Amino acid sequence: MDDLASVFKALGDETRLDIMALLIRHGEMCVCDFEGVLGISQSKSSRHLRYLLHAGLVENRRQGVWMHYRLVKKPDERVKTILAALRRVTVGPRFEELDARLSTWLQKKK
């Protein structure tokens with residue numbers, strides 16, 4: 001039960017929900033992308049991502065100096081159910097606006 005509680009605690013923050021929505025909608029992303037899209041510092045991005053990592057929702061890999069994050073590839077059944085629910089609810093104007101901010105950010109990075 002503690003594991004399930006940690007998952008819901010991780011999802012109980014607006015910034016972490018935005019991070020999850022971006023990962024659900026766009027796949028693997030670099031910490032720098034979260035910084036640019038969400039307008040938060042590297043340390044704040046990393047702290048939120050660590051929270052999601054410890055809850056078993058995301059996994060990471062290092063590429064050079066940057067960490068990249070993606071949804072966990074082999075979630076347990078409870079996490080799989082929660083991720084499926086998040087996929088269904090991360091729609092609408094708020095998430096379209098996040099997508100637009102990501103698109104703008106990626107254009108600036110080029």
# chains A, B, ... in the order shown; residues from 1 in each chain; ligands from 1
call {"tool": "residues_around", "arguments": {"residues": "stretch 76-89 of chain A", "least_positions_apart": "3", "cutoff": "12 Å", "atoms": "only C-alpha atoms", "output": "PDB file with all heavy atoms, in the first residue's frame"}}
result
ATOM      1  N   MET A   1       0.809  -1.187   0.000  1.00  0.00           N
ATOM      2  CA  MET A   1       0.000   0.000   0.000  1.00  0.00           C
ATOM      3  C   MET A   1       0.861   1.264   0.000  1.00  0.00           C
ATOM      4  O   MET A   1       0.481   2.255  -0.587  1.00  0.00           O
ATOM      5  CB  MET A   1      -0.928  -0.030   1.220  1.00  0.00           C
ATOM      6  CG  MET A   1      -2.082   0.903   1.086  1.00  0.00           C
ATOM      7  SD  MET A   1      -3.096   0.491  -0.320  1.00  0.00           S
ATOM      8  CE  MET A   1      -4.677   0.704   0.359  1.00  0.00           C
ATOM      9  N   ASP A   3       3.589   1.765  -1.604  1.00  0.00           N
ATOM     10  CA  ASP A   3       3.991   2.069  -2.974  1.00  0.00           C
ATOM     11  C   ASP A   3       2.896   2.822  -3.707  1.00  0.00           C
ATOM     12  O   ASP A   3       3.165   3.786  -4.425  1.00  0.00           O
ATOM     13  CB  ASP A   3       4.333   0.786  -3.735  1.00  0.00           C
ATOM     14  CG  ASP A   3       5.586   0.119  -3.219  1.00  0.00           C
ATOM     15  OD1 ASP A   3       6.396   0.797  -2.557  1.00  0.00           O
ATOM     16  OD2 ASP A   3       5.754  -1.082  -3.473  1.00  0.00           O
ATOM     17  N   LEU A   4       1.671   2.398  -3.545  1.00  0.00           N
ATOM     18  CA  LEU A   4       0.541   3.067  -4.188  1.00  0.00           C
ATOM     19  C   LEU A   4       0.381   4.484  -3.656  1.00  0.00           C
ATOM     20  O   LEU A   4       0.142   5.422  -4.418  1.00  0.00           O
ATOM     21  CB  LEU A   4      -0.741   2.256  -3.992  1.00  0.00           C
ATOM     22  CG  LEU A   4      -1.951   2.717  -4.789  1.00  0.00           C
ATOM     23  CD1 LEU A   4      -1.646   2.743  -6.284  1.00  0.00           C
ATOM     24  CD2 LEU A   4      -3.124   1.798  -4.511  1.00  0.00           C
ATOM     25  N   ALA A   5       0.554   4.655  -2.370  1.00  0.00           N
ATOM     26  CA  ALA A   5       0.472   5.993  -1.780  1.00  0.00           C
ATOM     27  C   ALA A   5       1.556   6.901  -2.359  1.00  0.00           C
ATOM     28  O   ALA A   5       1.294   8.070  -2.656  1.00  0.00           O
ATOM     29  CB  ALA A   5       0.595   5.918  -0.260  1.00  0.00           C
ATOM     30  N   SER A   6       2.765   6.371  -2.563  1.00  0.00           N
ATOM     31  CA  SER A   6       3.843   7.202  -3.121  1.00  0.00           C
ATOM     32  C   SER A   6       3.544   7.598  -4.568  1.00  0.00           C
ATOM     33  O   SER A   6       3.895   8.693  -4.997  1.00  0.00           O
ATOM     34  CB  SER A   6       5.197   6.505  -3.006  1.00  0.00           C
ATOM     35  OG  SER A   6       5.296   5.429  -3.891  1.00  0.00           O
ATOM     36  N   VAL A   7       2.874   6.732  -5.309  1.00  0.00           N
ATOM     37  CA  VAL A   7       2.487   7.067  -6.687  1.00  0.00           C
ATOM     38  C   VAL A   7       1.505   8.238  -6.668  1.00  0.00           C
ATOM     39  O   VAL A   7       1.672   9.216  -7.396  1.00  0.00           O
ATOM     40  CB  VAL A   7       1.871   5.847  -7.413  1.00  0.00           C
ATOM     41  CG1 VAL A   7       1.238   6.259  -8.737  1.00  0.00           C
ATOM     42  CG2 VAL A   7       2.925   4.774  -7.639  1.00  0.00           C
ATOM     43  N   PHE A   8       0.486   8.150  -5.818  1.00  0.00           N
ATOM     44  CA  PHE A   8      -0.499   9.225  -5.777  1.00  0.00           C
ATOM     45  C   PHE A   8       0.077  10.507  -5.192  1.00  0.00           C
ATOM     46  O   PHE A   8      -0.288  11.602  -5.621  1.00  0.00           O
ATOM     47  CB  PHE A   8      -1.757   8.777  -5.034  1.00  0.00           C
ATOM     48  CG  PHE A   8      -2.620   7.902  -5.892  1.00  0.00           C
ATOM     49  CD1 PHE A   8      -2.704   6.542  -5.649  1.00  0.00           C
ATOM     50  CD2 PHE A   8      -3.330   8.427  -6.965  1.00  0.00           C
ATOM     51  CE1 PHE A   8      -3.492   5.727  -6.444  1.00  0.00           C
ATOM     52  CE2 PHE A   8      -4.114   7.623  -7.781  1.00  0.00           C
ATOM     53  CZ  PHE A   8      -4.197   6.266  -7.522  1.00  0.00           C
ATOM     54  N   ALA A  10       3.143  11.432  -5.680  1.00  0.00           N
ATOM     55  CA  ALA A  10       3.926  11.969  -6.799  1.00  0.00           C
ATOM     56  C   ALA A  10       3.034  12.689  -7.797  1.00  0.00           C
ATOM     57  O   ALA A  10       3.434  13.692  -8.390  1.00  0.00           O
ATOM     58  CB  ALA A  10       4.694  10.842  -7.495  1.00  0.00           C
ATOM     59  N   LEU A  11       1.822  12.196  -7.975  1.00  0.00           N
ATOM     60  CA  LEU A  11       0.903  12.803  -8.940  1.00  0.00           C
ATOM     61  C   LEU A  11       0.093  13.950  -8.334  1.00  0.00           C
ATOM     62  O   LEU A  11      -0.670  14.608  -9.039  1.00  0.00           O
ATOM     63  CB  LEU A  11      -0.051  11.737  -9.489  1.00  0.00           C
ATOM     64  CG  LEU A  11       0.634  10.644 -10.298  1.00  0.00           C
ATOM     65  CD1 LEU A  11      -0.365   9.556 -10.657  1.00  0.00           C
ATOM     66  CD2 LEU A  11       1.304  11.212 -11.531  1.00  0.00           C
ATOM     67  N   LEU A  17       2.329  16.632 -12.666  1.00  0.00           N
ATOM     68  CA  LEU A  17       1.288  16.230 -13.622  1.00  0.00           C
ATOM     69  C   LEU A  17       1.599  16.762 -15.020  1.00  0.00           C
ATOM     70  O   LEU A  17       1.401  16.061 -16.012  1.00  0.00           O
ATOM     71  CB  LEU A  17      -0.088  16.713 -13.165  1.00  0.00           C
ATOM     72  CG  LEU A  17      -0.734  15.916 -12.040  1.00  0.00           C
ATOM     73  CD1 LEU A  17      -2.014  16.601 -11.570  1.00  0.00           C
ATOM     74  CD2 LEU A  17      -1.012  14.488 -12.484  1.00  0.00           C
ATOM     75  N   ASP A  18       2.095  17.984 -15.103  1.00  0.00           N
ATOM     76  CA  ASP A  18       2.502  18.540 -16.398  1.00  0.00           C
ATOM     77  C   ASP A  18       3.645  17.721 -17.001  1.00  0.00           C
ATOM     78  O   ASP A  18       3.652  17.432 -18.205  1.00  0.00           O
ATOM     79  CB  ASP A  18       2.923  20.004 -16.268  1.00  0.00           C
ATOM     80  CG  ASP A  18       1.746  20.941 -16.048  1.00  0.00           C
ATOM     81  OD1 ASP A  18       0.589  20.532 -16.293  1.00  0.00           O
ATOM     82  OD2 ASP A  18       1.993  22.096 -15.637  1.00  0.00           O
ATOM     83  N   ILE A  19       4.607  17.345 -16.181  1.00  0.00           N
ATOM     84  CA  ILE A  19       5.719  16.516 -16.649  1.00  0.00           C
ATOM     85  C   ILE A  19       5.189  15.186 -17.178  1.00  0.00           C
ATOM     86  O   ILE A  19       5.576  14.736 -18.263  1.00  0.00           O
ATOM     87  CB  ILE A  19       6.757  16.299 -15.526  1.00  0.00           C
ATOM     88  CG1 ILE A  19       7.517  17.600 -15.248  1.00  0.00           C
ATOM     89  CG2 ILE A  19       7.713  15.156 -15.881  1.00  0.00           C
ATOM     90  CD1 ILE A  19       8.393  17.566 -14.001  1.00  0.00           C
ATOM     91  N   MET A  20       4.296  14.566 -16.423  1.00  0.00           N
ATOM     92  CA  MET A  20       3.730  13.289 -16.864  1.00  0.00           C
ATOM     93  C   MET A  20       2.961  13.458 -18.169  1.00  0.00           C
ATOM     94  O   MET A  20       3.070  12.625 -19.076  1.00  0.00           O
ATOM     95  CB  MET A  20       2.820  12.707 -15.778  1.00  0.00           C
ATOM     96  CG  MET A  20       3.558  12.224 -14.553  1.00  0.00           C
ATOM     97  SD  MET A  20       4.737  10.891 -14.874  1.00  0.00           S
ATOM     98  CE  MET A  20       3.616   9.566 -15.371  1.00  0.00           C
ATOM     99  N   ALA A  21       2.192  14.532 -18.294  1.00  0.00           N
ATOM    100  CA  ALA A  21       1.442  14.779 -19.528  1.00  0.00           C
ATOM    101  C   ALA A  21       2.391  14.919 -20.716  1.00  0.00           C
ATOM    102  O   ALA A  21       2.142  14.364 -21.795  1.00  0.00           O
ATOM    103  CB  ALA A  21       0.576  16.030 -19.382  1.00  0.00           C
ATOM    104  N   LEU A  22       3.476  15.654 -20.526  1.00  0.00           N
ATOM    105  CA  LEU A  22       4.446  15.814 -21.611  1.00  0.00           C
ATOM    106  C   LEU A  22       5.058  14.472 -21.999  1.00  0.00           C
ATOM    107  O   LEU A  22       5.206  14.168 -23.190  1.00  0.00           O
ATOM    108  CB  LEU A  22       5.537  16.816 -21.205  1.00  0.00           C
ATOM    109  CG  LEU A  22       5.090  18.281 -21.170  1.00  0.00           C
ATOM    110  CD1 LEU A  22       6.113  19.134 -20.435  1.00  0.00           C
ATOM    111  CD2 LEU A  22       4.859  18.799 -22.587  1.00  0.00           C
ATOM    112  N   LEU A  23       5.400  13.663 -21.023  1.00  0.00           N
ATOM    113  CA  LEU A  23       5.981  12.351 -21.322  1.00  0.00           C
ATOM    114  C   LEU A  23       4.968  11.438 -21.999  1.00  0.00           C
ATOM    115  O   LEU A  23       5.316  10.699 -22.930  1.00  0.00           O
ATOM    116  CB  LEU A  23       6.520  11.696 -20.042  1.00  0.00           C
ATOM    117  CG  LEU A  23       7.749  12.368 -19.434  1.00  0.00           C
ATOM    118  CD1 LEU A  23       8.075  11.751 -18.084  1.00  0.00           C
ATOM    119  CD2 LEU A  23       8.935  12.277 -20.378  1.00  0.00           C
ATOM    120  N   ILE A  24       3.727  11.473 -21.558  1.00  0.00           N
ATOM    121  CA  ILE A  24       2.676  10.656 -22.171  1.00  0.00           C
ATOM    122  C   ILE A  24       2.462  11.068 -23.614  1.00  0.00           C
ATOM    123  O   ILE A  24       2.348  10.234 -24.507  1.00  0.00           O
ATOM    124  CB  ILE A  24       1.366  10.768 -21.357  1.00  0.00           C
ATOM    125  CG1 ILE A  24       1.500   9.976 -20.051  1.00  0.00           C
ATOM    126  CG2 ILE A  24       0.158  10.308 -22.164  1.00  0.00           C
ATOM    127  CD1 ILE A  24       0.409  10.267 -19.032  1.00  0.00           C
ATOM    128  N   ARG A  25       2.437  12.357 -23.862  1.00  0.00           N
ATOM    129  CA  ARG A  25       2.098  12.870 -25.188  1.00  0.00           C
ATOM    130  C   ARG A  25       3.290  12.907 -26.146  1.00  0.00           C
ATOM    131  O   ARG A  25       3.102  12.885 -27.355  1.00  0.00           O
ATOM    132  CB  ARG A  25       1.470  14.250 -25.051  1.00  0.00           C
ATOM    133  CG  ARG A  25       0.123  14.202 -24.323  1.00  0.00           C
ATOM    134  CD  ARG A  25      -0.363  15.571 -23.894  1.00  0.00           C
ATOM    135  NE  ARG A  25      -0.761  16.427 -24.986  1.00  0.00           N
ATOM    136  CZ  ARG A  25      -1.988  16.488 -25.479  1.00  0.00           C
ATOM    137  NH1 ARG A  25      -2.938  15.731 -24.983  1.00  0.00           N
ATOM    138  NH2 ARG A  25      -2.262  17.328 -26.466  1.00  0.00           N
ATOM    139  N   HIS A  26       4.530  12.945 -25.607  1.00  0.00           N
ATOM    140  CA  HIS A  26       5.688  13.156 -26.483  1.00  0.00           C
ATOM    141  C   HIS A  26       6.828  12.165 -26.297  1.00  0.00           C
ATOM    142  O   HIS A  26       7.832  12.252 -26.994  1.00  0.00           O
ATOM    143  CB  HIS A  26       6.210  14.586 -26.309  1.00  0.00           C
ATOM    144  CG  HIS A  26       5.174  15.603 -26.637  1.00  0.00           C
ATOM    145  ND1 HIS A  26       4.812  15.907 -27.928  1.00  0.00           N
ATOM    146  CD2 HIS A  26       4.374  16.349 -25.839  1.00  0.00           C
ATOM    147  CE1 HIS A  26       3.861  16.804 -27.925  1.00  0.00           C
ATOM    148  NE2 HIS A  26       3.567  17.087 -26.662  1.00  0.00           N
ATOM    149  N   LEU A  52       9.082  11.461  -9.275  1.00  0.00           N
ATOM    150  CA  LEU A  52       8.379  10.541 -10.180  1.00  0.00           C
ATOM    151  C   LEU A  52       9.166   9.248 -10.372  1.00  0.00           C
ATOM    152  O   LEU A  52       8.578   8.170 -10.464  1.00  0.00           O
ATOM    153  CB  LEU A  52       8.134  11.229 -11.527  1.00  0.00           C
ATOM    154  CG  LEU A  52       7.172  12.428 -11.483  1.00  0.00           C
ATOM    155  CD1 LEU A  52       7.224  13.205 -12.795  1.00  0.00           C
ATOM    156  CD2 LEU A  52       5.756  11.985 -11.159  1.00  0.00           C
ATOM    157  N   ALA A  55       8.758   7.017  -7.373  1.00  0.00           N
ATOM    158  CA  ALA A  55       7.400   6.464  -7.323  1.00  0.00           C
ATOM    159  C   ALA A  55       7.197   5.353  -8.353  1.00  0.00           C
ATOM    160  O   ALA A  55       6.163   4.706  -8.370  1.00  0.00           O
ATOM    161  CB  ALA A  55       6.379   7.578  -7.541  1.00  0.00           C
ATOM    162  N   GLY A  56       8.207   5.144  -9.217  1.00  0.00           N
ATOM    163  CA  GLY A  56       8.111   4.079 -10.213  1.00  0.00           C
ATOM    164  C   GLY A  56       7.331   4.451 -11.458  1.00  0.00           C
ATOM    165  O   GLY A  56       6.918   3.574 -12.226  1.00  0.00           O
ATOM    166  N   LEU A  57       7.153   5.756 -11.708  1.00  0.00           N
ATOM    167  CA  LEU A  57       6.390   6.211 -12.868  1.00  0.00           C
ATOM    168  C   LEU A  57       7.257   6.482 -14.084  1.00  0.00           C
ATOM    169  O   LEU A  57       6.794   6.375 -15.218  1.00  0.00           O
ATOM    170  CB  LEU A  57       5.598   7.472 -12.513  1.00  0.00           C
ATOM    171  CG  LEU A  57       4.510   7.274 -11.458  1.00  0.00           C
ATOM    172  CD1 LEU A  57       4.027   8.609 -10.925  1.00  0.00           C
ATOM    173  CD2 LEU A  57       3.360   6.471 -12.055  1.00  0.00           C
ATOM    174  N   VAL A  58       8.502   6.876 -13.858  1.00  0.00           N
ATOM    175  CA  VAL A  58       9.420   7.189 -14.957  1.00  0.00           C
ATOM    176  C   VAL A  58      10.748   6.479 -14.738  1.00  0.00           C
ATOM    177  O   VAL A  58      11.043   6.002 -13.629  1.00  0.00           O
ATOM    178  CB  VAL A  58       9.658   8.721 -15.101  1.00  0.00           C
ATOM    179  CG1 VAL A  58       8.360   9.463 -15.364  1.00  0.00           C
ATOM    180  CG2 VAL A  58      10.368   9.302 -13.895  1.00  0.00           C
ATOM    181  N   LEU A  71       8.437   7.428 -19.602  1.00  0.00           N
ATOM    182  CA  LEU A  71       7.568   6.602 -18.770  1.00  0.00           C
ATOM    183  C   LEU A  71       8.235   5.265 -18.568  1.00  0.00           C
ATOM    184  O   LEU A  71       8.940   4.762 -19.454  1.00  0.00           O
ATOM    185  CB  LEU A  71       6.209   6.409 -19.441  1.00  0.00           C
ATOM    186  CG  LEU A  71       5.379   7.665 -19.667  1.00  0.00           C
ATOM    187  CD1 LEU A  71       4.101   7.321 -20.411  1.00  0.00           C
ATOM    188  CD2 LEU A  71       5.069   8.365 -18.356  1.00  0.00           C
ATOM    189  N   VAL A  72       8.016   4.652 -17.425  1.00  0.00           N
ATOM    190  CA  VAL A  72       8.602   3.357 -17.122  1.00  0.00           C
ATOM    191  C   VAL A  72       8.111   2.339 -18.164  1.00  0.00           C
ATOM    192  O   VAL A  72       6.940   2.322 -18.524  1.00  0.00           O
ATOM    193  CB  VAL A  72       8.283   2.941 -15.662  1.00  0.00           C
ATOM    194  CG1 VAL A  72       6.804   2.719 -15.439  1.00  0.00           C
ATOM    195  CG2 VAL A  72       9.078   1.752 -15.244  1.00  0.00           C
ATOM    196  N   LYS A  73       9.048   1.554 -18.700  1.00  0.00           N
ATOM    197  CA  LYS A  73       8.717   0.618 -19.779  1.00  0.00           C
ATOM    198  C   LYS A  73       7.949  -0.604 -19.289  1.00  0.00           C
ATOM    199  O   LYS A  73       7.110  -1.146 -19.998  1.00  0.00           O
ATOM    200  CB  LYS A  73       9.972   0.161 -20.508  1.00  0.00           C
ATOM    201  CG  LYS A  73      10.535   1.210 -21.434  1.00  0.00           C
ATOM    202  CD  LYS A  73      11.649   0.629 -22.269  1.00  0.00           C
ATOM    203  CE  LYS A  73      12.154   1.675 -23.242  1.00  0.00           C
ATOM    204  NZ  LYS A  73      13.201   1.141 -24.104  1.00  0.00           N
ATOM    205  N   GLY A  92      -7.298  18.182 -23.842  1.00  0.00           N
ATOM    206  CA  GLY A  92      -7.988  19.447 -23.618  1.00  0.00           C
ATOM    207  C   GLY A  92      -7.067  20.643 -23.724  1.00  0.00           C
ATOM    208  O   GLY A  92      -5.861  20.510 -23.989  1.00  0.00           O
ATOM    209  N   PRO A  93      -7.626  21.824 -23.533  1.00  0.00           N
ATOM    210  CA  PRO A  93      -6.894  23.076 -23.750  1.00  0.00           C
ATOM    211  C   PRO A  93      -5.605  23.202 -22.949  1.00  0.00           C
ATOM    212  O   PRO A  93      -4.591  23.668 -23.473  1.00  0.00           O
ATOM    213  CB  PRO A  93      -7.895  24.153 -23.328  1.00  0.00           C
ATOM    214  CG  PRO A  93      -9.230  23.513 -23.413  1.00  0.00           C
ATOM    215  CD  PRO A  93      -9.014  22.051 -23.148  1.00  0.00           C
ATOM    216  N   ARG A  94      -5.624  22.802 -21.685  1.00  0.00           N
ATOM    217  CA  ARG A  94      -4.415  22.937 -20.868  1.00  0.00           C
ATOM    218  C   ARG A  94      -3.252  22.157 -21.473  1.00  0.00           C
ATOM    219  O   ARG A  94      -2.121  22.630 -21.525  1.00  0.00           O
ATOM    220  CB  ARG A  94      -4.694  22.448 -19.452  1.00  0.00           C
ATOM    221  CG  ARG A  94      -3.448  22.441 -18.610  1.00  0.00           C
ATOM    222  CD  ARG A  94      -3.692  21.923 -17.253  1.00  0.00           C
ATOM    223  NE  ARG A  94      -2.414  21.811 -16.575  1.00  0.00           N
ATOM    224  CZ  ARG A  94      -2.295  21.553 -15.303  1.00  0.00           C
ATOM    225  NH1 ARG A  94      -3.354  21.404 -14.565  1.00  0.00           N
ATOM    226  NH2 ARG A  94      -1.118  21.444 -14.769  1.00  0.00           N
ATOM    227  N   PHE A  95      -3.523  20.956 -21.937  1.00  0.00           N
ATOM    228  CA  PHE A  95      -2.466  20.104 -22.463  1.00  0.00           C
ATOM    229  C   PHE A  95      -2.088  20.496 -23.885  1.00  0.00           C
ATOM    230  O   PHE A  95      -0.943  20.339 -24.294  1.00  0.00           O
ATOM    231  CB  PHE A  95      -2.865  18.635 -22.322  1.00  0.00           C
ATOM    232  CG  PHE A  95      -3.125  18.283 -20.881  1.00  0.00           C
ATOM    233  CD1 PHE A  95      -4.412  18.128 -20.409  1.00  0.00           C
ATOM    234  CD2 PHE A  95      -2.075  18.183 -19.976  1.00  0.00           C
ATOM    235  CE1 PHE A  95      -4.651  17.852 -19.069  1.00  0.00           C
ATOM    236  CE2 PHE A  95      -2.306  17.918 -18.633  1.00  0.00           C
ATOM    237  CZ  PHE A  95      -3.596  17.749 -18.179  1.00  0.00           C
TER     238      PHE A  95
END
call {"tool": "select_by_dssp", "arguments": {"residues": "chain A", "states": "helix (DSSP H, G or I)", "output": "VMD selection string"}}
result
chain A and resid 2 to 10 14 to 26 31 to 38 42 to 54 77 to 89 93 to 109
call {"tool": "write_last_selection", "arguments": {"atoms": "C-alpha atoms", "output": "PDB file, in the first residue's frame"}}
result
ATOM      1  CA  ASP A   2       2.911   2.375   0.662  1.00  0.00           C
ATOM      2  CA  ASP A   3       3.991   2.069  -2.974  1.00  0.00           C
ATOM      3  CA  LEU A   4       0.541   3.067  -4.188  1.00  0.00           C
ATOM      4  CA  ALA A   5       0.472   5.993  -1.780  1.00  0.00           C
ATOM      5  CA  SER A   6       3.843   7.202  -3.121  1.00  0.00           C
ATOM      6  CA  VAL A   7       2.487   7.067  -6.687  1.00  0.00           C
ATOM      7  CA  PHE A   8      -0.499   9.225  -5.777  1.00  0.00           C
ATOM      8  CA  LYS A   9       1.678  11.601  -3.751  1.00  0.00           C
ATOM      9  CA  ALA A  10       3.926  11.969  -6.799  1.00  0.00           C
ATOM     10  CA  GLU A  14       0.630  20.284 -10.736  1.00  0.00           C
ATOM     11  CA  THR A  15       4.183  20.498 -12.085  1.00  0.00           C
ATOM     12  CA  ARG A  16       4.629  16.729 -11.871  1.00  0.00           C
ATOM     13  CA  LEU A  17       1.288  16.230 -13.622  1.00  0.00           C
ATOM     14  CA  ASP A  18       2.502  18.540 -16.398  1.00  0.00           C
ATOM     15  CA  ILE A  19       5.719  16.516 -16.649  1.00  0.00           C
ATOM     16  CA  MET A  20       3.730  13.289 -16.864  1.00  0.00           C
ATOM     17  CA  ALA A  21       1.442  14.779 -19.528  1.00  0.00           C
ATOM     18  CA  LEU A  22       4.446  15.814 -21.611  1.00  0.00           C
ATOM     19  CA  LEU A  23       5.981  12.351 -21.322  1.00  0.00           C
ATOM     20  CA  ILE A  24       2.676  10.656 -22.171  1.00  0.00           C
ATOM     21  CA  ARG A  25       2.098  12.870 -25.188  1.00  0.00           C
ATOM     22  CA  HIS A  26       5.688  13.156 -26.483  1.00  0.00           C
ATOM     23  CA  VAL A  31      15.576  17.729 -18.310  1.00  0.00           C
ATOM     24  CA  CYS A  32      16.389  20.859 -20.318  1.00  0.00           C
ATOM     25  CA  ASP A  33      13.081  20.458 -22.181  1.00  0.00           C
ATOM     26  CA  PHE A  34      11.100  20.507 -18.940  1.00  0.00           C
ATOM     27  CA  GLU A  35      13.020  23.596 -17.874  1.00  0.00           C
ATOM     28  CA  GLY A  36      12.194  25.413 -21.104  1.00  0.00           C
ATOM     29  CA  VAL A  37       8.566  24.349 -21.422  1.00  0.00           C
ATOM     30  CA  LEU A  38       7.564  24.712 -17.779  1.00  0.00           C
ATOM     31  CA  GLN A  42      17.181  22.700 -13.537  1.00  0.00           C
ATOM     32  CA  SER A  43      17.211  21.884  -9.843  1.00  0.00           C
ATOM     33  CA  LYS A  44      13.418  22.127  -9.587  1.00  0.00           C
ATOM     34  CA  SER A  45      12.997  19.962 -12.718  1.00  0.00           C
ATOM     35  CA  SER A  46      15.384  17.364 -11.364  1.00  0.00           C
ATOM     36  CA  ARG A  47      13.681  17.321  -7.974  1.00  0.00           C
ATOM     37  CA  HIS A  48      10.249  16.734  -9.515  1.00  0.00           C
ATOM     38  CA  LEU A  49      11.624  14.067 -11.847  1.00  0.00           C
ATOM     39  CA  ARG A  50      13.338  12.270  -8.955  1.00  0.00           C
ATOM     40  CA  TYR A  51      10.012  12.194  -7.142  1.00  0.00           C
ATOM     41  CA  LEU A  52       8.379  10.541 -10.180  1.00  0.00           C
ATOM     42  CA  LEU A  53      11.350   8.183 -10.538  1.00  0.00           C
ATOM     43  CA  HIS A  54      11.146   7.028  -6.908  1.00  0.00           C
ATOM     44  CA  GLU A  77      -0.234  -3.642 -12.888  1.00  0.00           C
ATOM     45  CA  ARG A  78      -1.244  -0.793 -10.582  1.00  0.00           C
ATOM     46  CA  VAL A  79       1.084   1.701 -12.252  1.00  0.00           C
ATOM     47  CA  LYS A  80      -0.008   0.455 -15.685  1.00  0.00           C
ATOM     48  CA  THR A  81      -3.632   1.189 -14.744  1.00  0.00           C
ATOM     49  CA  ILE A  82      -2.741   4.650 -13.445  1.00  0.00           C
ATOM     50  CA  LEU A  83      -0.743   5.471 -16.591  1.00  0.00           C
ATOM     51  CA  ALA A  84      -3.675   4.353 -18.763  1.00  0.00           C
ATOM     52  CA  ALA A  85      -5.978   6.672 -16.799  1.00  0.00           C
ATOM     53  CA  LEU A  86      -3.518   9.558 -17.184  1.00  0.00           C
ATOM     54  CA  ARG A  87      -3.423   8.958 -20.945  1.00  0.00           C
ATOM     55  CA  ARG A  88      -7.195   9.361 -21.074  1.00  0.00           C
ATOM     56  CA  VAL A  89      -7.316  12.557 -19.033  1.00  0.00           C
ATOM     57  CA  PRO A  93      -6.894  23.076 -23.750  1.00  0.00           C
ATOM     58  CA  ARG A  94      -4.415  22.937 -20.868  1.00  0.00           C
ATOM     59  CA  PHE A  95      -2.466  20.104 -22.463  1.00  0.00           C
ATOM     60  CA  GLU A  96      -2.710  21.600 -25.950  1.00  0.00           C
ATOM     61  CA  GLU A  97      -1.119  24.732 -24.499  1.00  0.00           C
ATOM     62  CA  LEU A  98       1.699  22.591 -23.049  1.00  0.00           C
ATOM     63  CA  ASP A  99       2.173  21.035 -26.500  1.00  0.00           C
ATOM     64  CA  ALA A 100       2.378  24.509 -28.073  1.00  0.00           C
ATOM     65  CA  ARG A 101       4.966  25.595 -25.487  1.00  0.00           C
ATOM     66  CA  LEU A 102       6.988  22.462 -26.224  1.00  0.00           C
ATOM     67  CA  SER A 103       6.843  23.162 -29.955  1.00  0.00           C
ATOM     68  CA  THR A 104       8.011  26.749 -29.407  1.00  0.00           C
ATOM     69  CA  TRP A 105      10.785  25.554 -27.084  1.00  0.00           C
ATOM     70  CA  LEU A 106      12.023  22.970 -29.601  1.00  0.00           C
ATOM     71  CA  GLN A 107      12.117  25.607 -32.337  1.00  0.00           C
ATOM     72  CA  LYS A 108      14.259  27.837 -30.117  1.00  0.00           C
ATOM     73  CA  LYS A 109      16.660  24.968 -29.400  1.00  0.00           C
TER      74      LYS A 109
END
call {"tool": "select_by_dssp", "arguments": {"residues": "chain A", "states": "strand (DSSP E)", "output": "list in words"}}
result
Met29, Cys30, Val58, Glu59, Asn60, Arg61, Arg62, Gln63, Trp66, Met67, His68, Tyr69, Arg70 and Leu71 of chain A
call {"tool": "atom_distance", "arguments": {"atom1": "atom CA of A:Arg61", "atom2": "atom CA of A:Met29"}}
result
10.3 Å
call {"tool": "atom_distance", "arguments": {"atom1": "atom CA of A:Val91", "atom2": "atom CA of A:Lys74"}}
result
23.8 Å
call {"tool": "atom_distance", "arguments": {"atom1": "atom CA of A:Thr90", "atom2": "atom CA of A:Gln63"}}
result
27.9 Å
call {"tool": "closest_residue", "arguments": {"among": "A:Glu59, A:Lys110, A:Gly39, A:Asp13", "to": "A:Pro75", "atoms": "only C-alpha atoms"}}
result
A:Glu59
